[in-house]
Amino acid sequence: NSVIAQSLSIFNGMGISVLHSVGKLNALPQADGGYRPVAYVDAMADAYLAADLIIARSGAVTCSEFRALGRYALFVPLPIGNGEQAVNASDLQAAGAAEVVDDNKFNSDWLSSNWDEIWRKARNYQATPSAQLSASETIGSEIIRAIDGRK
């Protein structure tokens, strides 16, 4: 949340609209220019489909949703657990559908330095036919793949 708040000048300077879901337990920042903070997004699929780029954590369900909807993402995996969020995003990154940055490197300077390239990739991203599966097909195949991988 703080990185997005500190990067508003980048977005506003380029005329980019930002819908920022800050979380229900966090204070709601002031709207500014094209920046619209909300506590929670009820229709997340609609928000994803309306977006040219999504910046998000890379939980398993989130990655499955991106795969199903065919959207480009900048993932910032949570640095907790056993690194599963980085693993979740690795296939999407390998397929050219996402950029992944470590949480400890993701700051407003990093975003500013890398914005043009990330924005170019997001704007040019074309989903492959495999990215057009339904969410249930995608999630089901991910579960099967995870179970098969444990044999």
# chains A, B, ... in the order shown; residues from 1 in each chain; ligands from 1

call {"tool": "closest_atom_pairs", "arguments": {"of": "stretch 51-75 of chain A", "to": "stretch 113-116 of chain A", "cutoff": "12 Å", "atoms": "only C-alpha atoms", "output": "tab-separated table"}}
result
residue	atom	partner	partner_atom	distance
A:Leu53	CA	A:Trp115	CA	11.0
A:Ile55	CA	A:Trp115	CA	11.7
A:Leu74	CA	A:Trp115	CA	10.4

call {"tool": "residues_around", "arguments": {"residues": "A:Asp46", "least_positions_apart": "3", "cutoff": "12 Å", "atoms": "only C-alpha atoms", "output": "list of chain:residue names"}}
result
A:Leu19, A:Val41, A:Asp42, A:Ala43, A:Leu49, A:Ala50, A:Ala51, A:Glu65, A:Phe66, A:Leu69, A:Arg71

call {"tool": "atom_distance", "arguments": {"atom1": "atom CA of A:Asp103", "atom2": "atom CA of A:Val3"}}
result
10.5 Å

call {"tool": "atom_distance", "arguments": {"atom1": "atom CA of A:Gln6", "atom2": "atom CA of A:Thr62"}}
result
24.2 Å

call {"tool": "closest_residue", "arguments": {"among": "A:Glu99, A:Ser112, A:Asn107, A:Val87", "to": "A:Gly13", "atoms": "only C-alpha atoms"}}
result
A:Ser112

call {"tool": "closest_residue", "arguments": {"among": "A:Gly34, A:Ser108, A:Ile143, A:Ile16", "to": "A:Asn88", "atoms": "only C-alpha atoms"}}
result
A:Ile143

call {"tool": "residues_around", "arguments": {"residues": "A:Ser21", "least_positions_apart": "6", "cutoff": "10 Å", "atoms": "only C-alpha atoms", "output": "list in words"}}
result
Asn1, Leu28, Arg36, Pro37, Val38, Ala39, Tyr40, Val41, Met44 and Ala56 of chain A

call {"tool": "select_by_dssp", "arguments": {"residues": "stretch 62-151 of chain A", "states": "alpha helix (DSSP H)", "output": "ChimeraX atom specification"}}
result
/A:62-69,84-94,108-124,135-149

call {"tool": "select_by_dssp", "arguments": {"residues": "stretch 68-105 of chain A", "states": "strand (DSSP E or B)", "output": "ChimeraX atom specification"}}
result
/A:73-75,98-100

call {"tool": "closest_residue", "arguments": {"among": "A:Ile139, A:Ala146, A:Cys63, A:Ile118", "to": "A:Ala89", "atoms": "only C-alpha atoms"}}
result
A:Cys63

call {"tool": "closest_residue", "arguments": {"among": "A:Ala73, A:Ala86, A:Ala31, A:Ile144", "to": "A:Ala122", "atoms": "only C-alpha atoms"}}
result
A:Ala73

call {"tool": "closest_residue", "arguments": {"among": "A:Gly23, A:Gly70, A:Pro79, A:Gly33", "to": "A:Ala127", "atoms": "only C-alpha atoms"}}
result
A:Gly70

call {"tool": "atom_distance", "arguments": {"atom1": "atom CA of A:Ser58", "atom2": "atom CA of A:Glu142"}}
result
14.1 Å

call {"tool": "closest_residue", "arguments": {"among": "A:Asp102, A:Asp109, A:Asp52, A:Glu117", "to": "A:Ser9", "atoms": "only C-alpha atoms"}}
result
A:Asp109

call {"tool": "decode", "arguments": {"residues": "stretch 24-35 of chain A", "atoms": "N, CA and C atoms", "output": "short mmCIF file (atom, residue, chain, number, x, y, z; two decimals), in the first residue's frame"}}
result
data_model
loop_
_atom_site.label_atom_id
_atom_site.label_comp_id
_atom_site.auth_asym_id
_atom_site.auth_seq_id
_atom_site.Cartn_x
_atom_site.Cartn_y
_atom_site.Cartn_z
N LYS A 24 -9.70 -3.96 4.08
CA LYS A 24 -10.75 -3.46 4.96
C LYS A 24 -10.24 -2.94 6.29
N LEU A 25 -9.11 -3.44 6.76
CA LEU A 25 -8.60 -3.02 8.07
C LEU A 25 -7.65 -1.83 8.00
N ASN A 26 -7.33 -1.37 6.80
CA ASN A 26 -6.40 -0.25 6.63
C ASN A 26 -7.14 1.06 6.44
N ALA A 27 -6.51 2.14 6.85
CA ALA A 27 -7.09 3.47 6.66
C ALA A 27 -7.21 3.76 5.17
N LEU A 28 -8.28 4.39 4.80
CA LEU A 28 -8.53 4.72 3.39
C LEU A 28 -7.85 6.04 3.06
N PRO A 29 -6.85 6.01 2.15
CA PRO A 29 -6.17 7.26 1.76
C PRO A 29 -7.11 8.19 1.01
N GLN A 30 -6.68 9.41 0.82
CA GLN A 30 -7.44 10.41 0.07
C GLN A 30 -7.32 10.14 -1.42
N ALA A 31 -8.43 10.22 -2.14
CA ALA A 31 -8.39 10.13 -3.60
C ALA A 31 -7.60 11.31 -4.14
N ASP A 32 -6.91 11.09 -5.26
CA ASP A 32 -6.05 12.15 -5.81
C ASP A 32 -5.94 11.94 -7.32
N GLY A 33 -6.46 12.88 -8.10
CA GLY A 33 -6.40 12.74 -9.56
C GLY A 33 -7.12 11.47 -10.00
N GLY A 34 -6.40 10.60 -10.70
CA GLY A 34 -6.98 9.35 -11.16
C GLY A 34 -6.86 8.22 -10.16
N TYR A 35 -6.42 8.54 -8.96
CA TYR A 35 -6.24 7.54 -7.90
C TYR A 35 -7.51 7.40 -7.08
#
